[in-house]
>>> print(open('input_13.cif').read())   # mmCIF, C-alpha atoms
data_structure
#
loop_
_atom_site.label_atom_id
_atom_site.label_comp_id
_atom_site.auth_asym_id
_atom_site.auth_seq_id
_atom_site.Cartn_x
_atom_site.Cartn_y
_atom_site.Cartn_z
CA MET L 12 -44.11 -15.32 -30.51
CA GLY L 13 -45.19 -14.56 -34.07
CA ASP L 14 -44.83 -10.93 -34.96
CA LEU L 15 -43.98 -9.85 -31.41
CA PRO L 16 -40.55 -8.40 -30.62
CA ALA L 17 -38.23 -10.87 -28.92
CA ARG L 18 -38.00 -10.67 -25.15
CA GLU L 19 -34.43 -9.99 -24.10
CA ASP L 20 -32.85 -11.46 -20.98
CA LEU L 21 -33.43 -8.52 -18.65
CA PRO L 22 -33.39 -8.47 -14.84
CA ARG L 23 -36.74 -8.55 -13.07
CA TYR L 24 -36.48 -4.98 -11.75
CA VAL L 25 -36.64 -3.54 -15.29
CA ALA L 26 -38.94 -6.23 -16.74
CA PRO L 27 -41.19 -7.31 -13.84
CA LEU L 28 -44.15 -8.60 -15.87
CA PRO L 29 -44.35 -12.32 -16.68
CA VAL L 30 -43.71 -13.12 -20.33
CA TRP L 31 -47.30 -14.27 -20.92
CA LEU L 32 -48.63 -10.91 -19.68
CA GLU L 33 -46.21 -8.94 -21.85
CA ASN L 34 -47.24 -11.01 -24.87
CA PHE L 35 -50.92 -10.56 -24.08
CA GLY L 36 -50.48 -6.81 -23.71
CA LEU L 37 -48.61 -6.49 -26.99
CA ARG L 38 -51.11 -8.66 -28.88
CA ALA L 39 -53.96 -6.59 -27.42
CA ALA L 40 -52.18 -3.32 -28.24
CA TRP L 41 -55.05 -1.78 -30.20
CA LEU L 42 -57.49 -2.57 -27.39
CA ILE L 43 -55.10 -0.97 -24.89
CA VAL L 44 -54.77 2.06 -27.18
CA ALA L 45 -58.56 2.43 -27.25
CA VAL L 46 -58.86 2.06 -23.46
CA ASN L 47 -56.17 4.68 -22.90
CA LEU L 48 -57.79 7.11 -25.31
CA LEU L 49 -61.04 6.69 -23.39
CA GLY L 50 -59.05 7.26 -20.21
CA THR L 51 -57.58 10.42 -21.70
CA ALA L 52 -61.06 11.72 -22.54
CA PHE L 53 -62.29 10.87 -19.03
CA GLY L 54 -59.23 12.52 -17.52
CA PHE L 55 -59.83 15.80 -19.31
CA TRP L 56 -63.44 15.63 -18.13
CA TYR L 57 -62.22 14.95 -14.57
CA TYR L 58 -60.03 18.07 -14.66
CA GLY L 59 -62.93 20.19 -15.88
CA PHE L 60 -63.39 20.07 -19.66
CA HIS L 61 -67.14 19.36 -19.79
CA PRO L 62 -68.69 19.19 -23.24
CA LEU L 63 -71.12 16.83 -21.47
CA PRO L 64 -73.42 17.22 -19.68
CA ALA L 65 -74.63 20.25 -21.60
CA SER L 66 -75.91 21.80 -18.37
CA ASP L 67 -72.31 22.22 -17.11
CA PRO L 68 -70.03 25.11 -18.07
CA LEU L 69 -67.60 23.97 -20.78
CA ILE L 70 -64.65 24.79 -18.51
CA THR L 71 -65.08 24.01 -14.82
CA TRP L 72 -63.36 22.46 -11.78
CA GLN L 73 -59.55 22.69 -11.85
CA PHE L 74 -59.28 24.03 -15.40
CA ALA L 75 -61.53 26.93 -14.39
CA GLY L 76 -59.20 27.83 -11.53
CA GLU L 77 -55.94 27.66 -13.49
CA PRO L 78 -54.53 30.25 -15.93
CA ALA L 79 -55.38 29.09 -19.45
CA VAL L 80 -51.74 29.32 -20.53
CA MET L 81 -50.89 26.55 -18.02
CA TRP L 82 -53.63 24.13 -19.06
CA PRO L 83 -51.24 21.86 -21.04
CA LEU L 84 -49.34 21.18 -17.78
CA VAL L 85 -52.37 20.52 -15.56
CA PRO L 86 -53.94 17.18 -16.69
CA ASP L 87 -50.89 15.00 -16.02
CA SER L 88 -52.53 11.55 -16.00
CA PRO L 89 -54.62 12.12 -19.16
CA VAL L 90 -51.49 13.27 -20.99
CA ALA L 91 -49.65 10.15 -19.77
CA THR L 92 -52.41 7.85 -21.06
CA LEU L 93 -52.27 9.73 -24.37
CA PHE L 94 -48.50 9.10 -24.52
CA ILE L 95 -48.87 5.34 -23.97
CA ALA L 96 -51.67 5.18 -26.56
CA LEU L 97 -49.41 6.96 -29.07
CA SER L 98 -46.43 4.77 -28.16
CA LEU L 99 -48.28 1.49 -28.70
CA GLY L 100 -50.16 2.79 -31.74
CA LEU L 101 -47.04 4.04 -33.51
CA TRP L 102 -45.25 0.76 -32.80
CA LYS L 103 -48.16 -1.22 -34.26
CA LEU L 104 -48.15 1.01 -37.34
CA GLY L 105 -44.42 0.44 -37.86
CA ARG L 106 -43.62 4.08 -37.05
CA ASN L 107 -41.91 3.62 -33.70
CA GLN L 108 -40.85 6.92 -32.09
CA GLU L 109 -38.34 6.61 -29.26
CA TRP L 110 -39.11 10.01 -27.72
CA VAL L 111 -42.80 9.08 -27.51
CA ASN L 112 -41.83 5.75 -25.93
CA ALA L 113 -39.75 7.51 -23.29
CA LEU L 114 -42.51 10.01 -22.49
CA ALA L 115 -44.99 7.13 -22.22
CA PHE L 116 -42.69 5.16 -19.92
CA PHE L 117 -42.07 8.11 -17.61
CA GLY L 118 -45.71 9.15 -17.60
CA CYS L 119 -47.05 5.70 -16.78
CA ILE L 120 -44.46 5.08 -14.06
CA LYS L 121 -44.76 8.51 -12.49
CA LEU L 122 -48.49 9.26 -12.69
CA GLY L 123 -49.45 5.61 -12.44
CA ALA L 124 -47.75 5.41 -9.04
CA TRP L 125 -48.18 9.01 -7.80
CA THR L 126 -51.98 8.92 -7.95
CA PRO L 127 -52.39 5.78 -5.77
CA PHE L 128 -49.76 7.29 -3.45
CA VAL L 129 -51.76 10.47 -2.85
CA LEU L 130 -55.06 8.58 -2.80
CA ALA L 131 -53.68 6.50 0.07
CA ALA L 132 -51.80 9.33 1.81
CA PHE L 133 -54.87 11.60 1.82
CA PHE L 134 -57.53 8.89 2.00
CA PRO L 135 -59.99 10.78 4.26
CA GLY L 136 -60.11 13.67 1.81
CA PHE L 137 -60.45 11.55 -1.34
CA ILE L 138 -62.98 8.97 -0.18
CA GLY L 139 -65.65 11.65 -0.51
CA VAL L 140 -65.73 10.85 -4.23
CA GLY L 141 -67.29 7.50 -3.27
CA TRP L 142 -65.86 4.00 -3.19
CA PRO L 143 -66.50 3.14 -6.87
CA MET L 144 -64.66 6.24 -8.16
CA TYR L 145 -61.90 5.85 -5.57
CA ALA L 146 -61.34 2.19 -6.54
CA PHE L 147 -61.45 3.07 -10.25
CA LEU L 148 -58.85 5.83 -9.88
CA PHE L 149 -56.61 3.65 -7.72
CA CYS L 150 -56.70 0.52 -9.90
CA SER L 151 -56.65 2.25 -13.30
CA HIS L 152 -53.53 4.17 -12.35
CA LEU L 153 -51.78 1.02 -11.13
CA ALA L 154 -52.58 -0.50 -14.53
CA MET L 155 -50.63 2.40 -16.07
CA VAL L 156 -47.52 1.21 -14.23
CA ALA L 157 -47.97 -2.26 -15.73
CA GLU L 158 -48.34 -0.73 -19.21
CA ALA L 159 -44.99 1.01 -18.83
CA PHE L 160 -43.24 -2.36 -18.67
CA LEU L 161 -44.47 -3.36 -22.12
CA ILE L 162 -42.37 -0.66 -23.77
CA HIS L 163 -38.98 -2.36 -23.36
CA ARG L 164 -40.07 -4.97 -25.89
CA TYR L 165 -40.06 -2.46 -28.76
CA SER L 166 -37.89 0.41 -27.47
CA ASP L 167 -34.14 0.72 -27.02
CA PHE L 168 -34.49 3.61 -24.54
CA PRO L 169 -31.77 5.73 -26.20
CA VAL L 170 -30.25 8.31 -23.90
CA TRP L 171 -31.44 11.24 -26.02
CA ALA L 172 -35.06 10.06 -25.72
CA VAL L 173 -34.72 9.59 -21.96
CA PHE L 174 -33.37 13.14 -21.83
CA VAL L 175 -36.53 14.42 -23.57
CA ALA L 176 -38.66 12.69 -20.92
CA VAL L 177 -36.50 13.96 -18.05
CA VAL L 178 -36.82 17.53 -19.33
CA TRP L 179 -40.61 17.28 -19.74
CA TYR L 180 -41.34 15.63 -16.40
CA GLY L 181 -38.66 17.59 -14.56
CA PHE L 182 -40.23 20.79 -15.88
CA ASN L 183 -43.62 19.51 -14.73
CA ASP L 184 -42.25 19.00 -11.22
CA LEU L 185 -40.84 22.52 -11.17
CA VAL L 186 -44.07 24.26 -12.16
CA ASP L 187 -46.28 21.86 -10.20
CA TYR L 188 -44.52 22.31 -6.86
CA PHE L 189 -41.61 24.75 -6.81
CA VAL L 190 -41.54 27.53 -9.42
CA PRO L 191 -45.01 28.19 -10.85
CA LEU L 192 -44.71 30.31 -13.98
CA VAL L 193 -48.12 31.92 -13.61
CA GLY L 194 -50.18 32.08 -10.42
CA THR L 195 -49.78 29.24 -7.93
CA PRO L 196 -48.32 25.71 -8.39
CA HIS L 197 -50.21 23.62 -10.93
CA HIS L 198 -50.33 20.03 -9.64
CA THR L 199 -53.58 18.06 -9.47
CA THR L 200 -55.76 19.51 -6.73
CA LEU L 201 -55.59 17.65 -3.44
CA PRO L 202 -57.79 17.60 -0.32
CA GLY L 203 -57.68 20.87 1.59
CA GLN L 204 -56.87 23.08 -1.41
CA ARG L 205 -59.10 26.05 -2.10
CA LEU L 206 -59.44 28.44 -5.02
CA VAL L 207 -57.51 31.62 -4.26
CA GLU L 208 -59.88 34.58 -4.12
CA ALA L 209 -57.54 37.43 -5.04
CA SER L 210 -57.49 39.75 -8.03
CA ASP L 211 -53.72 39.47 -8.51
CA VAL L 212 -53.43 35.67 -8.12
CA VAL L 213 -54.88 32.88 -10.26
CA GLY L 214 -54.77 29.37 -8.82
CA PHE L 215 -55.24 27.35 -5.66
CA SER L 216 -54.00 27.38 -2.08
CA HIS L 217 -51.33 24.81 -1.19
CA PRO L 218 -51.59 23.87 2.48
CA SER L 219 -48.67 22.26 4.32
CA PRO L 220 -47.77 19.40 4.71
CA THR L 221 -50.03 18.17 1.87
CA HIS L 222 -48.05 20.12 -0.71
CA GLU L 223 -44.68 18.83 0.53
CA ILE L 224 -45.84 15.20 0.70
CA ALA L 225 -47.21 15.32 -2.85
CA ALA L 226 -44.04 17.05 -4.10
CA ALA L 227 -41.80 14.45 -2.47
CA GLY L 228 -43.74 11.64 -4.14
CA ALA L 229 -43.53 13.31 -7.55
CA VAL L 230 -39.79 13.99 -7.37
CA VAL L 231 -38.98 10.49 -6.12
CA LEU L 232 -41.00 8.94 -8.94
CA THR L 233 -39.34 11.13 -11.59
CA LEU L 234 -35.98 9.93 -10.28
CA ALA L 235 -37.21 6.32 -10.20
CA ALA L 236 -38.43 6.54 -13.81
CA THR L 237 -35.07 7.98 -14.86
CA PHE L 238 -33.21 5.17 -13.10
CA LEU L 239 -35.43 2.48 -14.62
CA ALA L 240 -35.22 3.92 -18.14
CA LEU L 241 -31.43 4.22 -18.09
CA SER L 242 -31.07 0.82 -16.39
CA THR L 243 -33.18 -0.72 -19.15
CA ARG L 244 -30.89 0.89 -21.72
CA VAL L 245 -27.77 -0.49 -20.00
CA LYS L 246 -29.21 -3.98 -19.50
CA LYS L 247 -30.35 -4.19 -23.13
CA LEU L 248 -26.84 -3.25 -24.28
CA GLU L 249 -25.36 -5.86 -21.94
CA ALA L 250 -27.78 -8.49 -23.26
CA ASP L 251 -26.83 -7.64 -26.87
CA ALA L 252 -23.12 -7.92 -26.04
CA ARG L 253 -23.38 -11.24 -24.21
CA PRO L 254 -23.18 -13.65 -27.19
CA SER L 255 -20.12 -11.96 -28.75
CA SER L 256 -18.27 -11.87 -25.42
CA GLY L 257 -18.64 -15.64 -25.12
CA ARG L 258 -16.98 -16.45 -28.43
#
>>> encode(input="input_13.cif", output="C-alpha cells")
Amino acid sequence: MGDLPAREDLPRYVAPLPVWLENFGLRAAWLIVAVNLLGTAFGFWYYGFHPLPASDPLITWQFAGEPAVMWPLVPDSPVATLFIALSLGLWKLGRNQEWVNALAFFGCIKLGAWTPFVLAAFFPGFIGVGWPMYAFLFCSHLAMVAEAFLIHRYSDFPVWAVFVAVVWYGFNDLVDYFVPLVGTPHHTTLPGQRLVEASDVVGFSHPSPTHEIAAAGAVVLTLAATFLALSTRVKKLEADARPSSGR
C-alpha cells in the first residue's frame, strides 16, 4: 500500500468501505481536499454569503435572517466539509490533529446523512429548487458519509478528541432545536419556515411537525456518530491487542 496507513482488521460497521475505495480516497486526498473546499465555498454561498453575483446583497438568504453573532453555528454542512478538508490535509502534511479528525468524522456522518434525510422527508418543499440542485445536494452529502470512513486509517479516535466533537455537535443540536441563545433556533431553513417579522425577535418560524422531525434526525445522528467513533476506538484497541494475546 506504499505510503498509506495500514488497514486494521475492523468490523464492517465501523469500516464499511471496501479496501480499494479507502486506498483510492487516501491516494486522492489532495483532490478530495480541493473538492471539499469548493463545497465549503458553495455552502457559504447557499446560506447567503454572496460576493458573487455582484448584483446580490453581500449577505442574503438565511444569513440575513439570523443574528450575526450566531453565524458560525448556521452553515453546518460547509463547516463539516471544511473539517474533512483540514483533516485530510493535515494528515497528508504529517501534522495529524486528532480533534480535527473527530470533528470531521462527526460532521460528515451527521450532516452527510441529515441533509438527505430532510430532503427526502420534506421532498415536496425541496423539489422547488429543481431536480439538478436536489440531486446534487442529495448525492454530495451522501459522499460526505463515505469520506468519514476514510478517517479510521490515520486516526486513533482518542476519547478526548471524541469528547471535543460531542461537545461541538451537541451544542449545535441545543441551539439549532432546543435552546436558541439569540432569537429563534438556528438550524438550516426547511420548507414552511418564514422570516419572523417582529422587532423583538430575530430569526425564523419553526412550524410543527417539521421542526420536531428535523430535530429527531439530528439528535439520532449525533448519537450514531458518537457510537461509531467510540466503537472504532474500541475495535482498534482490540485489533492492536490481538497478536500479543495469542502468544
>>> axis_aligned_box(input="input_13.cif", around="range 41-55 of chain L", padding_each_side="6 Å", output="lines of an AutoDock Vina configuration file")
center_x = -58.5
center_y = 6.6
center_z = -23.9
size_x = 19.5
size_y = 30.4
size_z = 24.7
>>> resolve_selection(input="input_13.cif", expression="the PyMOL selection byres ((chain L and resi 201-215) around 12)", output="VMD selection string")
chain L and resid 72 to 82 85 126 128 to 140 187 to 188 191 to 200 216 to 226
>>> write_last_selection(input="input_13.cif", atoms="C-alpha atoms", output="PDB file, in the coordinates of the input")
ATOM      1  CA  TRP L  72     -63.360  22.460 -11.780  1.00  0.00           C
ATOM      2  CA  GLN L  73     -59.550  22.690 -11.850  1.00  0.00           C
ATOM      3  CA  PHE L  74     -59.280  24.030 -15.400  1.00  0.00           C
ATOM      4  CA  ALA L  75     -61.530  26.930 -14.390  1.00  0.00           C
ATOM      5  CA  GLY L  76     -59.200  27.830 -11.530  1.00  0.00           C
ATOM      6  CA  GLU L  77     -55.940  27.660 -13.490  1.00  0.00           C
ATOM      7  CA  PRO L  78     -54.530  30.250 -15.930  1.00  0.00           C
ATOM      8  CA  ALA L  79     -55.380  29.090 -19.450  1.00  0.00           C
ATOM      9  CA  VAL L  80     -51.740  29.320 -20.530  1.00  0.00           C
ATOM     10  CA  MET L  81     -50.890  26.550 -18.020  1.00  0.00           C
ATOM     11  CA  TRP L  82     -53.630  24.130 -19.060  1.00  0.00           C
ATOM     12  CA  VAL L  85     -52.370  20.520 -15.560  1.00  0.00           C
ATOM     13  CA  THR L 126     -51.980   8.920  -7.950  1.00  0.00           C
ATOM     14  CA  PHE L 128     -49.760   7.290  -3.450  1.00  0.00           C
ATOM     15  CA  VAL L 129     -51.760  10.470  -2.850  1.00  0.00           C
ATOM     16  CA  LEU L 130     -55.060   8.580  -2.800  1.00  0.00           C
ATOM     17  CA  ALA L 131     -53.680   6.500   0.070  1.00  0.00           C
ATOM     18  CA  ALA L 132     -51.800   9.330   1.810  1.00  0.00           C
ATOM     19  CA  PHE L 133     -54.870  11.600   1.820  1.00  0.00           C
ATOM     20  CA  PHE L 134     -57.530   8.890   2.000  1.00  0.00           C
ATOM     21  CA  PRO L 135     -59.990  10.780   4.260  1.00  0.00           C
ATOM     22  CA  GLY L 136     -60.110  13.670   1.810  1.00  0.00           C
ATOM     23  CA  PHE L 137     -60.450  11.550  -1.340  1.00  0.00           C
ATOM     24  CA  ILE L 138     -62.980   8.970  -0.180  1.00  0.00           C
ATOM     25  CA  GLY L 139     -65.650  11.650  -0.510  1.00  0.00           C
ATOM     26  CA  VAL L 140     -65.730  10.850  -4.230  1.00  0.00           C
ATOM     27  CA  ASP L 187     -46.280  21.860 -10.200  1.00  0.00           C
ATOM     28  CA  TYR L 188     -44.520  22.310  -6.860  1.00  0.00           C
ATOM     29  CA  PRO L 191     -45.010  28.190 -10.850  1.00  0.00           C
ATOM     30  CA  LEU L 192     -44.710  30.310 -13.980  1.00  0.00           C
ATOM     31  CA  VAL L 193     -48.120  31.920 -13.610  1.00  0.00           C
ATOM     32  CA  GLY L 194     -50.180  32.080 -10.420  1.00  0.00           C
ATOM     33  CA  THR L 195     -49.780  29.240  -7.930  1.00  0.00           C
ATOM     34  CA  PRO L 196     -48.320  25.710  -8.390  1.00  0.00           C
ATOM     35  CA  HIS L 197     -50.210  23.620 -10.930  1.00  0.00           C
ATOM     36  CA  HIS L 198     -50.330  20.030  -9.640  1.00  0.00           C
ATOM     37  CA  THR L 199     -53.580  18.060  -9.470  1.00  0.00           C
ATOM     38  CA  THR L 200     -55.760  19.510  -6.730  1.00  0.00           C
ATOM     39  CA  SER L 216     -54.000  27.380  -2.080  1.00  0.00           C
ATOM     40  CA  HIS L 217     -51.330  24.810  -1.190  1.00  0.00           C
ATOM     41  CA  PRO L 218     -51.590  23.870   2.480  1.00  0.00           C
ATOM     42  CA  SER L 219     -48.670  22.260   4.320  1.00  0.00           C
ATOM     43  CA  PRO L 220     -47.770  19.400   4.710  1.00  0.00           C
ATOM     44  CA  THR L 221     -50.030  18.170   1.870  1.00  0.00           C
ATOM     45  CA  HIS L 222     -48.050  20.120  -0.710  1.00  0.00           C
ATOM     46  CA  GLU L 223     -44.680  18.830   0.530  1.00  0.00           C
ATOM     47  CA  ILE L 224     -45.840  15.200   0.700  1.00  0.00           C
ATOM     48  CA  ALA L 225     -47.210  15.320  -2.850  1.00  0.00           C
ATOM     49  CA  ALA L 226     -44.040  17.050  -4.100  1.00  0.00           C
TER      50      ALA L 226
END
>>> residues_around(input="input_13.cif", residues="Ala176 in chain L", least_positions_apart="5", cutoff="8 Å", atoms="all atoms listed in the file", output="PDB file with C-alpha atoms, keeping the file's coordinate frame")
ATOM      1  CA  TRP L 110     -39.110  10.010 -27.720  1.00  0.00           C
ATOM      2  CA  ALA L 113     -39.750   7.510 -23.290  1.00  0.00           C
ATOM      3  CA  LEU L 114     -42.510  10.010 -22.490  1.00  0.00           C
ATOM      4  CA  PHE L 117     -42.070   8.110 -17.610  1.00  0.00           C
TER       5      PHE L 117
END
>>> residues_around(input="input_13.cif", residues="Glu158 in chain L", least_positions_apart="2", cutoff="8 Å", atoms="all atoms listed in the file", output="CSV table (one decimal) with C-alpha atoms, in the frame of the given file")
chain,number,residue,atom,x,y,z
L,36,GLY,CA,-50.5,-6.8,-23.7
L,95,ILE,CA,-48.9,5.3,-24.0
L,119,CYS,CA,-47.0,5.7,-16.8
L,154,ALA,CA,-52.6,-0.5,-14.5
L,155,MET,CA,-50.6,2.4,-16.1
L,156,VAL,CA,-47.5,1.2,-14.2
L,160,PHE,CA,-43.2,-2.4,-18.7
L,161,LEU,CA,-44.5,-3.4,-22.1
L,162,ILE,CA,-42.4,-0.7,-23.8
>>> closest_residue(input="input_13.cif", among="L:Leu93, L:Ala159, L:Ala124, L:Tyr165", to="Leu15 in chain L", atoms="all atoms listed in the file")
L:Tyr165
>>> resolve_selection(input="input_13.cif", expression="the PyMOL selection byres ((chain L and resi 70) around 7)", output="PyMOL selection string")
chain L and resi 59-61+68-69+71+74-75
>>> closest_residue(input="input_13.cif", among="L:Ala52, L:Leu104, L:Leu99, L:Val111", to="Trp179 in chain L", atoms="only C-alpha atoms")
L:Val111
>>> resolve_selection(input="input_13.cif", expression="the PyMOL selection byres ((chain L and resi 16) around 12)", output="list of chain:residue names")
L:Met12, L:Gly13, L:Asp14, L:Leu15, L:Ala17, L:Arg18, L:Glu19, L:Val30, L:Glu33, L:Asn34, L:Leu37, L:Arg38, L:Trp102, L:Lys103, L:Leu161, L:Ile162, L:His163, L:Arg164, L:Tyr165, L:Ser166, L:Asp167
>>> atom_distance(input="input_13.cif", atom1="CA of Leu241 in chain L", atom2="CA of Ala172 in chain L")
10.3 Å
>>> residues_around(input="input_13.cif", residues="Ala96 in chain L", least_positions_apart="2", cutoff="7 Å", atoms="all atoms listed in the file", output="MDAnalysis selection string")
chainID L and resid 44 47:48 92:94 98:100
>>> closest_residue(input="input_13.cif", among="L:Ala39, L:Phe174, L:Gly181, L:Val186", to="Val231 in chain L", atoms="only C-alpha atoms")
L:Gly181
>>> atom_distance(input="input_13.cif", atom1="CA of Lys247 in chain L", atom2="CA of Val25 in chain L")
10.1 Å
